[in-house]
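S.K.: My structure is stored as input-v1.pdb, with PDB, C-alpha atoms.
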```
MODEL        1
ATOM      1  CA  MET Q  13       0.000   0.000   0.000  1.00  0.00           C
ATOM      2  CA  THR Q  14       1.419   3.406  -0.964  1.00  0.00           C
ATOM      3  CA  TYR Q  15       1.497   6.342   1.412  1.00  0.00           C
ATOM      4  CA  TYR Q  16      -1.337   8.002  -0.512  1.00  0.00           C
ATOM      5  CA  GLU Q  17      -3.542   4.893  -0.321  1.00  0.00           C
ATOM      6  CA  ASN Q  18      -2.876   4.735   3.416  1.00  0.00           C
ATOM      7  CA  LEU Q  19      -3.796   8.409   3.734  1.00  0.00           C
ATOM      8  CA  ILE Q  20      -7.115   7.840   1.939  1.00  0.00           C
ATOM      9  CA  LYS Q  21      -7.845   4.842   4.166  1.00  0.00           C
ATOM     10  CA  HIS Q  22      -7.415   7.021   7.259  1.00  0.00           C
ATOM     11  CA  VAL Q  23      -9.477   9.818   5.701  1.00  0.00           C
ATOM     12  CA  HIS Q  24     -12.378   7.379   5.241  1.00  0.00           C
ATOM     13  CA  THR Q  25     -12.004   6.143   8.828  1.00  0.00           C
ATOM     14  CA  ALA Q  26     -12.081   9.727  10.142  1.00  0.00           C
ATOM     15  CA  MET Q  27     -15.115  10.567   7.979  1.00  0.00           C
ATOM     16  CA  LYS Q  28     -17.003   7.588   9.430  1.00  0.00           C
ATOM     17  CA  LYS Q  29     -16.174   8.716  12.948  1.00  0.00           C
ATOM     18  CA  HIS Q  30     -17.068  12.386  12.306  1.00  0.00           C
ATOM     19  CA  PRO Q  31     -19.705  12.187   9.555  1.00  0.00           C
ATOM     20  CA  ARG Q  32     -21.095  15.691   9.925  1.00  0.00           C
ATOM     21  CA  SER Q  33     -18.094  17.874  10.702  1.00  0.00           C
ATOM     22  CA  PRO Q  34     -15.044  19.246   8.970  1.00  0.00           C
ATOM     23  CA  ILE Q  35     -11.945  17.431  10.222  1.00  0.00           C
ATOM     24  CA  VAL Q  36      -8.289  18.379  10.592  1.00  0.00           C
ATOM     25  CA  MET Q  37      -5.944  15.370  10.544  1.00  0.00           C
ATOM     26  CA  THR Q  38      -2.165  15.219  10.761  1.00  0.00           C
ATOM     27  CA  THR Q  39      -0.618  13.637   7.686  1.00  0.00           C
ATOM     28  CA  ASP Q  40       2.217  11.888   9.523  1.00  0.00           C
ATOM     29  CA  THR Q  41       0.383  10.118  12.366  1.00  0.00           C
ATOM     30  CA  PHE Q  42      -3.133  10.323  10.836  1.00  0.00           C
ATOM     31  CA  GLU Q  43      -4.443  11.710  14.107  1.00  0.00           C
ATOM     32  CA  VAL Q  44      -7.639  13.780  14.119  1.00  0.00           C
ATOM     33  CA  VAL Q  45      -6.572  16.949  15.928  1.00  0.00           C
ATOM     34  CA  ALA Q  46      -9.723  19.045  15.470  1.00  0.00           C
ATOM     35  CA  SER Q  47     -13.254  18.624  14.234  1.00  0.00           C
ATOM     36  CA  GLY Q  48     -16.408  20.685  14.372  1.00  0.00           C
ATOM     37  CA  LYS Q  49     -18.159  23.392  12.441  1.00  0.00           C
ATOM     38  CA  ASN Q  50     -16.121  26.291  13.845  1.00  0.00           C
ATOM     39  CA  ILE Q  51     -13.810  27.160  10.940  1.00  0.00           C
ATOM     40  CA  ARG Q  52     -11.701  29.527  13.094  1.00  0.00           C
ATOM     41  CA  LYS Q  53     -11.000  26.682  15.547  1.00  0.00           C
ATOM     42  CA  LEU Q  54     -10.027  24.365  12.710  1.00  0.00           C
ATOM     43  CA  SER Q  55      -7.769  26.964  11.112  1.00  0.00           C
ATOM     44  CA  SER Q  56      -6.080  27.511  14.489  1.00  0.00           C
ATOM     45  CA  ALA Q  57      -5.299  23.783  14.609  1.00  0.00           C
ATOM     46  CA  ILE Q  58      -3.877  23.924  11.062  1.00  0.00           C
ATOM     47  CA  LYS Q  59      -1.672  26.887  12.047  1.00  0.00           C
ATOM     48  CA  LYS Q  60      -0.577  25.284  15.326  1.00  0.00           C
ATOM     49  CA  TYR Q  61       0.628  22.104  13.625  1.00  0.00           C
ATOM     50  CA  GLY Q  62       2.034  24.050  10.685  1.00  0.00           C
ATOM     51  CA  ASP Q  63       4.136  26.112  13.090  1.00  0.00           C
ATOM     52  CA  GLN Q  64       5.548  22.812  14.381  1.00  0.00           C
ATOM     53  CA  GLY Q  65       6.543  21.917  10.825  1.00  0.00           C
ATOM     54  CA  ARG Q  66       3.802  19.303  10.537  1.00  0.00           C
ATOM     55  CA  LEU Q  67       1.330  19.015   7.726  1.00  0.00           C
ATOM     56  CA  THR Q  68      -2.397  18.589   8.091  1.00  0.00           C
ATOM     57  CA  ALA Q  69      -5.263  17.607   5.846  1.00  0.00           C
ATOM     58  CA  VAL Q  70      -8.646  19.273   6.143  1.00  0.00           C
ATOM     59  CA  PHE Q  71     -11.749  17.590   4.767  1.00  0.00           C
ATOM     60  CA  GLN Q  72     -15.387  16.759   5.377  1.00  0.00           C
ATOM     61  CA  LYS Q  73     -17.544  13.810   4.403  1.00  0.00           C
ATOM     62  CA  PRO Q  74     -19.859  14.907   1.576  1.00  0.00           C
ATOM     63  CA  SER Q  75     -23.508  14.557   2.424  1.00  0.00           C
ATOM     64  CA  ALA Q  76     -24.990  11.354   1.039  1.00  0.00           C
ATOM     65  CA  ASN Q  77     -27.752  13.428  -0.532  1.00  0.00           C
ATOM     66  CA  GLN Q  78     -25.416  15.784  -2.388  1.00  0.00           C
ATOM     67  CA  THR Q  79     -25.435  15.479  -6.149  1.00  0.00           C
ATOM     68  CA  PHE Q  80     -23.038  17.890  -7.810  1.00  0.00           C
ATOM     69  CA  ILE Q  81     -23.619  19.519 -11.174  1.00  0.00           C
ATOM     70  CA  TYR Q  82     -20.745  22.008 -11.038  1.00  0.00           C
TER      71      TYR Q  82
ATOM     72  CA  MET L   4       6.099  11.469 -14.856  1.00  0.00           C
ATOM     73  CA  LEU L   5       2.892   9.518 -14.321  1.00  0.00           C
ATOM     74  CA  LEU L   6       1.089  10.045 -11.041  1.00  0.00           C
ATOM     75  CA  LYS L   7      -1.655   7.608 -10.070  1.00  0.00           C
ATOM     76  CA  TYR L   8      -4.152   8.266  -7.314  1.00  0.00           C
ATOM     77  CA  PRO L   9      -7.189   6.375  -6.058  1.00  0.00           C
ATOM     78  CA  SER L  10     -10.216   8.647  -5.738  1.00  0.00           C
ATOM     79  CA  VAL L  11     -11.623   9.754  -2.423  1.00  0.00           C
ATOM     80  CA  GLY L  12     -15.081   8.175  -2.412  1.00  0.00           C
ATOM     81  CA  ASP L  13     -17.325   8.069  -5.475  1.00  0.00           C
ATOM     82  CA  LYS L  14     -16.073  11.268  -7.121  1.00  0.00           C
ATOM     83  CA  PRO L  15     -12.825  11.939  -9.047  1.00  0.00           C
ATOM     84  CA  LEU L  16     -11.473  13.697  -6.007  1.00  0.00           C
ATOM     85  CA  LEU L  17      -7.856  13.843  -4.891  1.00  0.00           C
ATOM     86  CA  PHE L  18      -5.914  15.468  -2.092  1.00  0.00           C
ATOM     87  CA  VAL L  19      -3.719  18.333  -3.242  1.00  0.00           C
ATOM     88  CA  HIS L  20      -1.304  20.459  -1.276  1.00  0.00           C
ATOM     89  CA  VAL L  21      -2.647  23.977  -1.310  1.00  0.00           C
ATOM     90  CA  GLU L  22       0.211  26.340  -0.571  1.00  0.00           C
ATOM     91  CA  ASP L  23      -0.039  29.939   0.522  1.00  0.00           C
ATOM     92  CA  VAL L  24       2.303  31.746  -1.881  1.00  0.00           C
ATOM     93  CA  ALA L  25       3.453  34.306   0.696  1.00  0.00           C
ATOM     94  CA  THR L  26       3.967  32.162   3.793  1.00  0.00           C
ATOM     95  CA  ARG L  27       4.536  28.793   2.040  1.00  0.00           C
ATOM     96  CA  ASN L  28       2.155  27.250   4.603  1.00  0.00           C
ATOM     97  CA  ARG L  29       0.584  24.119   3.180  1.00  0.00           C
ATOM     98  CA  THR L  30      -2.538  22.122   3.870  1.00  0.00           C
ATOM     99  CA  LEU L  31      -3.818  19.041   2.106  1.00  0.00           C
ATOM    100  CA  PHE L  32      -7.254  19.747   0.710  1.00  0.00           C
ATOM    101  CA  PRO L  33      -9.630  17.635  -1.411  1.00  0.00           C
ATOM    102  CA  MET L  34     -10.079  18.882  -4.972  1.00  0.00           C
ATOM    103  CA  LEU L  35     -12.661  17.670  -7.460  1.00  0.00           C
ATOM    104  CA  LEU L  36     -11.318  17.261 -11.004  1.00  0.00           C
ATOM    105  CA  ASP L  37     -13.869  19.473 -12.728  1.00  0.00           C
ATOM    106  CA  THR L  38     -13.383  19.583 -16.487  1.00  0.00           C
ATOM    107  CA  GLY L  39     -16.319  21.993 -16.735  1.00  0.00           C
ATOM    108  CA  ALA L  40     -14.725  24.642 -14.538  1.00  0.00           C
ATOM    109  CA  ASP L  41     -12.795  27.368 -16.379  1.00  0.00           C
ATOM    110  CA  GLU L  42     -10.939  28.262 -13.194  1.00  0.00           C
ATOM    111  CA  THR L  43      -9.768  26.507 -10.083  1.00  0.00           C
ATOM    112  CA  CYS L  44     -11.748  27.709  -7.098  1.00  0.00           C
ATOM    113  CA  PHE L  45     -12.519  27.097  -3.452  1.00  0.00           C
ATOM    114  CA  PRO L  46     -15.419  27.792  -1.103  1.00  0.00           C
ATOM    115  CA  ALA L  47     -15.049  31.384   0.173  1.00  0.00           C
ATOM    116  CA  ALA L  48     -15.522  30.303   3.779  1.00  0.00           C
ATOM    117  CA  TYR L  49     -12.409  28.112   3.578  1.00  0.00           C
ATOM    118  CA  ALA L  50      -9.969  30.947   2.755  1.00  0.00           C
ATOM    119  CA  VAL L  51      -9.097  31.139   6.433  1.00  0.00           C
ATOM    120  CA  TYR L  52      -7.718  27.575   6.280  1.00  0.00           C
ATOM    121  CA  PHE L  53      -4.948  28.891   4.064  1.00  0.00           C
ATOM    122  CA  GLY L  54      -4.286  31.980   6.173  1.00  0.00           C
ATOM    123  CA  HIS L  55      -6.319  34.375   4.036  1.00  0.00           C
ATOM    124  CA  ASN L  56      -8.952  36.954   4.922  1.00  0.00           C
ATOM    125  CA  ASN L  57     -11.613  37.684   2.311  1.00  0.00           C
ATOM    126  CA  LEU L  58     -12.309  41.087   3.839  1.00  0.00           C
ATOM    127  CA  ALA L  59      -8.716  42.373   3.909  1.00  0.00           C
ATOM    128  CA  PRO L  60      -8.477  45.664   1.936  1.00  0.00           C
ATOM    129  CA  ALA L  61      -5.770  44.316  -0.403  1.00  0.00           C
ATOM    130  CA  VAL L  62      -7.903  41.381  -1.549  1.00  0.00           C
ATOM    131  CA  SER L  63      -9.390  41.854  -5.002  1.00  0.00           C
ATOM    132  CA  ASN L  64     -12.715  40.387  -5.940  1.00  0.00           C
ATOM    133  CA  LYS L  65     -14.652  39.622  -9.083  1.00  0.00           C
ATOM    134  CA  PHE L  66     -17.869  38.000 -10.211  1.00  0.00           C
ATOM    135  CA  ILE L  67     -18.082  34.380 -11.244  1.00  0.00           C
ATOM    136  CA  HIS L  68     -20.939  32.693 -13.066  1.00  0.00           C
ATOM    137  CA  GLY L  69     -22.057  29.147 -12.415  1.00  0.00           C
ATOM    138  CA  VAL L  70     -25.070  26.964 -11.848  1.00  0.00           C
ATOM    139  CA  GLY L  71     -26.061  29.042  -8.833  1.00  0.00           C
ATOM    140  CA  GLY L  72     -25.936  32.255 -10.899  1.00  0.00           C
ATOM    141  CA  LYS L  73     -23.627  35.205 -10.349  1.00  0.00           C
ATOM    142  CA  SER L  74     -21.581  35.270  -7.156  1.00  0.00           C
ATOM    143  CA  THR L  75     -18.653  37.123  -5.626  1.00  0.00           C
ATOM    144  CA  ALA L  76     -15.209  35.557  -5.672  1.00  0.00           C
ATOM    145  CA  TYR L  77     -12.246  36.717  -3.590  1.00  0.00           C
ATOM    146  CA  VAL L  78      -8.880  36.217  -5.271  1.00  0.00           C
ATOM    147  CA  HIS L  79      -6.089  34.858  -3.066  1.00  0.00           C
ATOM    148  CA  SER L  80      -2.487  33.882  -3.757  1.00  0.00           C
ATOM    149  CA  VAL L  81      -2.316  30.101  -3.514  1.00  0.00           C
ATOM    150  CA  ARG L  82      -0.474  27.449  -5.470  1.00  0.00           C
ATOM    151  CA  LEU L  83      -1.346  23.778  -5.954  1.00  0.00           C
ATOM    152  CA  VAL L  84       1.229  21.058  -5.369  1.00  0.00           C
ATOM    153  CA  LEU L  85       0.706  17.415  -6.302  1.00  0.00           C
ATOM    154  CA  ILE L  86       2.272  14.982  -3.895  1.00  0.00           C
ATOM    155  CA  ASP L  87       4.162  11.995  -5.185  1.00  0.00           C
ATOM    156  CA  PRO L  88       1.786   9.176  -4.185  1.00  0.00           C
ATOM    157  CA  VAL L  89       4.520   6.531  -4.096  1.00  0.00           C
ATOM    158  CA  LYS L  90       7.695   8.302  -2.933  1.00  0.00           C
ATOM    159  CA  SER L  91       5.970  10.192  -0.118  1.00  0.00           C
ATOM    160  CA  SER L  92       5.895   8.661   3.338  1.00  0.00           C
ATOM    161  CA  ASN L  93       4.515   9.563   6.759  1.00  0.00           C
ATOM    162  CA  ASN L  94       7.573  11.648   7.536  1.00  0.00           C
ATOM    163  CA  SER L  95       8.498  12.900   4.101  1.00  0.00           C
ATOM    164  CA  PHE L  96       6.245  14.563   1.590  1.00  0.00           C
ATOM    165  CA  VAL L  97       7.665  14.486  -1.891  1.00  0.00           C
ATOM    166  CA  SER L  98       6.307  17.125  -4.240  1.00  0.00           C
ATOM    167  CA  ALA L  99       5.810  15.812  -7.753  1.00  0.00           C
ATOM    168  CA  TRP L 100       4.577  18.993  -9.404  1.00  0.00           C
ATOM    169  CA  SER L 101       3.717  22.637  -8.584  1.00  0.00           C
ATOM    170  CA  SER L 102       1.285  24.802 -10.484  1.00  0.00           C
ATOM    171  CA  ALA L 103       2.384  27.900 -12.344  1.00  0.00           C
ATOM    172  CA  LEU L 104      -0.995  29.242 -11.334  1.00  0.00           C
ATOM    173  CA  ASN L 105      -0.442  31.263  -8.185  1.00  0.00           C
ATOM    174  CA  LYS L 106      -3.865  32.633  -7.404  1.00  0.00           C
ATOM    175  CA  ALA L 107      -7.361  31.225  -7.186  1.00  0.00           C
ATOM    176  CA  SER L 108     -10.885  32.379  -6.528  1.00  0.00           C
ATOM    177  CA  PHE L 109     -12.722  31.738  -3.285  1.00  0.00           C
ATOM    178  CA  VAL L 110     -16.379  31.789  -4.252  1.00  0.00           C
ATOM    179  CA  THR L 111     -19.187  32.787  -1.907  1.00  0.00           C
ATOM    180  CA  SER L 112     -21.828  30.530  -3.443  1.00  0.00           C
ATOM    181  CA  LEU L 113     -19.626  27.445  -3.486  1.00  0.00           C
ATOM    182  CA  ASN L 114     -21.185  25.561  -0.604  1.00  0.00           C
ATOM    183  CA  MET L 115     -19.255  22.344  -0.662  1.00  0.00           C
ATOM    184  CA  SER L 116     -16.475  20.725   1.305  1.00  0.00           C
ATOM    185  CA  MET L 117     -13.944  20.574  -1.525  1.00  0.00           C
ATOM    186  CA  GLY L 118     -12.262  22.757  -4.095  1.00  0.00           C
ATOM    187  CA  LEU L 119     -12.789  22.571  -7.843  1.00  0.00           C
ATOM    188  CA  LEU L 120      -9.627  21.883  -9.817  1.00  0.00           C
ATOM    189  CA  GLY L 121     -10.395  23.506 -13.151  1.00  0.00           C
ATOM    190  CA  ARG L 122      -8.998  23.602 -16.670  1.00  0.00           C
ATOM    191  CA  ASP L 123      -6.572  26.441 -15.871  1.00  0.00           C
ATOM    192  CA  VAL L 124      -4.517  23.948 -13.842  1.00  0.00           C
ATOM    193  CA  MET L 125      -5.288  20.939 -16.057  1.00  0.00           C
ATOM    194  CA  ALA L 126      -3.857  22.882 -19.016  1.00  0.00           C
ATOM    195  CA  GLU L 127      -0.471  22.781 -17.278  1.00  0.00           C
ATOM    196  CA  TRP L 128      -0.434  18.954 -17.369  1.00  0.00           C
ATOM    197  CA  LYS L 129       0.509  16.759 -20.326  1.00  0.00           C
ATOM    198  CA  ASP L 130      -2.463  14.451 -19.815  1.00  0.00           C
ATOM    199  CA  LEU L 131      -5.233  13.605 -17.388  1.00  0.00           C
ATOM    200  CA  SER L 132      -7.578  10.645 -17.188  1.00  0.00           C
ATOM    201  CA  PHE L 133      -9.890   9.152 -14.652  1.00  0.00           C
ATOM    202  CA  ALA L 134     -11.472   5.775 -15.156  1.00  0.00           C
ATOM    203  CA  PRO L 135     -13.909   3.744 -13.090  1.00  0.00           C
ATOM    204  CA  THR L 136     -12.386   0.954 -11.059  1.00  0.00           C
ATOM    205  CA  PRO L 137     -13.605  -2.236 -12.827  1.00  0.00           C
ATOM    206  CA  SER L 138     -14.681  -3.942  -9.622  1.00  0.00           C
ATOM    207  CA  ARG L 139     -16.476  -0.900  -8.205  1.00  0.00           C
ATOM    208  CA  ARG L 140     -17.791   1.017 -11.186  1.00  0.00           C
ATOM    209  CA  ALA L 141     -19.189   4.485 -10.401  1.00  0.00           C
ATOM    210  CA  SER L 142     -18.175   4.177  -6.754  1.00  0.00           C
ATOM    211  CA  LYS L 143     -14.407   4.468  -7.145  1.00  0.00           C
ATOM    212  CA  TRP L 144     -12.112   6.053  -9.736  1.00  0.00           C
ATOM    213  CA  ASN L 145      -8.501   5.663 -10.726  1.00  0.00           C
ATOM    214  CA  ILE L 146      -6.948   9.047 -11.494  1.00  0.00           C
ATOM    215  CA  THR L 147      -3.835   9.319 -13.678  1.00  0.00           C
ATOM    216  CA  ILE L 148      -2.038  12.625 -14.183  1.00  0.00           C
ATOM    217  CA  HIS L 149       0.906  12.980 -16.583  1.00  0.00           C
ATOM    218  CA  VAL L 150       3.103  15.949 -15.648  1.00  0.00           C
TER     219      VAL L 150
ENDMDL
END
```
Now, as a test, write the supplied structure out as structure tokens.
M.R.:
Amino acid sequence: MTYYENLIKHVHTAMKKHPRSPIVMTTDTFEVVASGKNIRKLSSAIKKYGDQGRLTAVFQKPSANQTFIY
Amino acid sequence: MLLKYPSVGDKPLLFVHVEDVATRNRTLFPMLLDTGADETCFPAAYAVYFGHNNLAPAVSNKFIHGVGGKSTAYVHSVRLVLIDPVKSSNNSFVSAWSSALNKASFVTSLNMSMGLLGRDVMAEWKDLSFAPTPSRRASKWNITIHV
């Protein structure tokens, strides 16, 4: 399994655990470090880990009812 | 160089490093490969994730037209970086490609949890394809980008 495939696996796990909220996850340990609808709080977590030289991923599970036509 | 990514879920969606041009801060963010989008764009509310403020006086804005009609877009200096899906590891991110594009629109009416990677960025690649995974058609895609 490549690193990217492993990342996606952990993204899906996090989405199942937090199905309704945006999530911030570290990309080295795949730890969810913030979740919730408060964007300021999430961006603070991104900055905090970024200042430590660590990368994060931010994502949210799309609603099952969403059909995109963009 | 050929870069191969599995999709995130049932859409041709991949994680891209979005880099603030000024601070070089990076965050991985999901981007939908949208061949119908003229420009790469993000939800306006997510600008703060990349250290930007839509209401700062220096930020320019423009109007964008889409399915939802006319809406305001704030233009911020960001660059997209594709990670090498094979050479990267937990402790080392290997960049495979960086966009020449160094600004993107953050659109007020874009109410979704992902960005749209449009043809302005795709035009910088040699080739792009996404094909359904044979065993899970329409629920998973294999994305191949030639840079």
S.K.: Written as a VMD selection string, what is the full residue list that the ChimeraX specification (/Q :<7) & /L yields on the file shown?
M.R.: chain L and resid 9 11 28 to 33 51 to 52 70 88 to 89 91 to 94 116
S.K.: Using all atoms listed in the file, which residues sit within 9 Å of Ser63 in chain L once same-chain residues fewer than 2 positions away are excluded, as a PyMOL selection string?
M.R.: chain L and resi 57+59-61+65+76-79
S.K.: In Å, how far is it from CA of Lys90 in chain L to CA of Glu22 in chain L?
M.R.: 19.7 Å
S.K.: Care to translate the PyMOL selection byres ((chain L and resi 67) around 12) into actual residues of this file, as a PyMOL selection string?
M.R.: chain L and resi 40-44+64-66+68-78+107-113
S.K.: Pull C-alpha atoms from the residues just selected and write them as a PDB file, in the coordinates of the input.
M.R.:
```pdb
ATOM      1  CA  ALA L  40     -14.725  24.642 -14.538  1.00  0.00           C
ATOM      2  CA  ASP L  41     -12.795  27.368 -16.379  1.00  0.00           C
ATOM      3  CA  GLU L  42     -10.939  28.262 -13.194  1.00  0.00           C
ATOM      4  CA  THR L  43      -9.768  26.507 -10.083  1.00  0.00           C
ATOM      5  CA  CYS L  44     -11.748  27.709  -7.098  1.00  0.00           C
ATOM      6  CA  ASN L  64     -12.715  40.387  -5.940  1.00  0.00           C
ATOM      7  CA  LYS L  65     -14.652  39.622  -9.083  1.00  0.00           C
ATOM      8  CA  PHE L  66     -17.869  38.000 -10.211  1.00  0.00           C
ATOM      9  CA  HIS L  68     -20.939  32.693 -13.066  1.00  0.00           C
ATOM     10  CA  GLY L  69     -22.057  29.147 -12.415  1.00  0.00           C
ATOM     11  CA  VAL L  70     -25.070  26.964 -11.848  1.00  0.00           C
ATOM     12  CA  GLY L  71     -26.061  29.042  -8.833  1.00  0.00           C
ATOM     13  CA  GLY L  72     -25.936  32.255 -10.899  1.00  0.00           C
ATOM     14  CA  LYS L  73     -23.627  35.205 -10.349  1.00  0.00           C
ATOM     15  CA  SER L  74     -21.581  35.270  -7.156  1.00  0.00           C
ATOM     16  CA  THR L  75     -18.653  37.123  -5.626  1.00  0.00           C
ATOM     17  CA  ALA L  76     -15.209  35.557  -5.672  1.00  0.00           C
ATOM     18  CA  TYR L  77     -12.246  36.717  -3.590  1.00  0.00           C
ATOM     19  CA  VAL L  78      -8.880  36.217  -5.271  1.00  0.00           C
ATOM     20  CA  ALA L 107      -7.361  31.225  -7.186  1.00  0.00           C
ATOM     21  CA  SER L 108     -10.885  32.379  -6.528  1.00  0.00           C
ATOM     22  CA  PHE L 109     -12.722  31.738  -3.285  1.00  0.00           C
ATOM     23  CA  VAL L 110     -16.379  31.789  -4.252  1.00  0.00           C
ATOM     24  CA  THR L 111     -19.187  32.787  -1.907  1.00  0.00           C
ATOM     25  CA  SER L 112     -21.828  30.530  -3.443  1.00  0.00           C
ATOM     26  CA  LEU L 113     -19.626  27.445  -3.486  1.00  0.00           C
TER      27      LEU L 113
END
```
S.K.: Give as a list of chain:residue names the set of residues within 12 Å of the point (-1.2, 23.4, -20.9), where distances use the file's coordinates and all atoms listed in the file.
M.R.: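 The residues that fall inside the cut-off are L:Ser102, L:Ala103, L:Leu104, L:Arg122, L:Asp123, L:Val124, L:Met125, L:Ala126, L:Glu127, L:Trp128, L:Lys129, L:Asp130, L:Leu131, L:His149, L:Val150.
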S.K.: Starting from the PyMOL selection byres ((chain Q and resi 48) around 7), expand the selection into actual residues of this file and give them as a CSV table (one decimal) with C-alpha atoms, keeping the file's coordinate frame.
M.R.:
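What landed in out-v8.csv:
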```
chain,number,residue,atom,x,y,z
Q,33,SER,CA,-18.1,17.9,10.7
Q,34,PRO,CA,-15.0,19.2,9.0
Q,35,ILE,CA,-11.9,17.4,10.2
Q,46,ALA,CA,-9.7,19.0,15.5
Q,47,SER,CA,-13.3,18.6,14.2
Q,49,LYS,CA,-18.2,23.4,12.4
Q,50,ASN,CA,-16.1,26.3,13.8
```
S.K.: Point out the residue among L:Leu6, L:Val84, L:Val62, L:Ala48 with the least atom-to-atom distance to Arg27 in chain L, counting only C-alpha atoms.
M.R.: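 Smallest separation from Arg27 in chain L among the options: L:Val84.
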S.K.: Leaving out Thr26 in chain L and any residue of its chain fewer than 5 positions from it, which residues lie within 12 Å of it when counting all atoms listed in the file, given as a list in words?
M.R.: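 Close residues of Thr26 in chain L: Lys59, Gly62 and Asp63 of chain Q; Val21, Phe53, Gly54, His55, Ser80, Val81 and Arg82 of chain L.
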S.K.: So how far away is CA of Trp144 in chain L from CA of Met27 in chain Q, in Å?
M.R.: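 Computing the Euclidean distance for CA of Met27 in chain Q and CA of Trp144 in chain L yields 18.5 Å.
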S.K.: Between CA of Arg32 in chain Q and CA of Gly121 in chain L, what is the spacing in Å?
M.R.: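 So the two atoms, CA of Gly121 in chain L and CA of Arg32 in chain Q, lie 26.6 Å apart.
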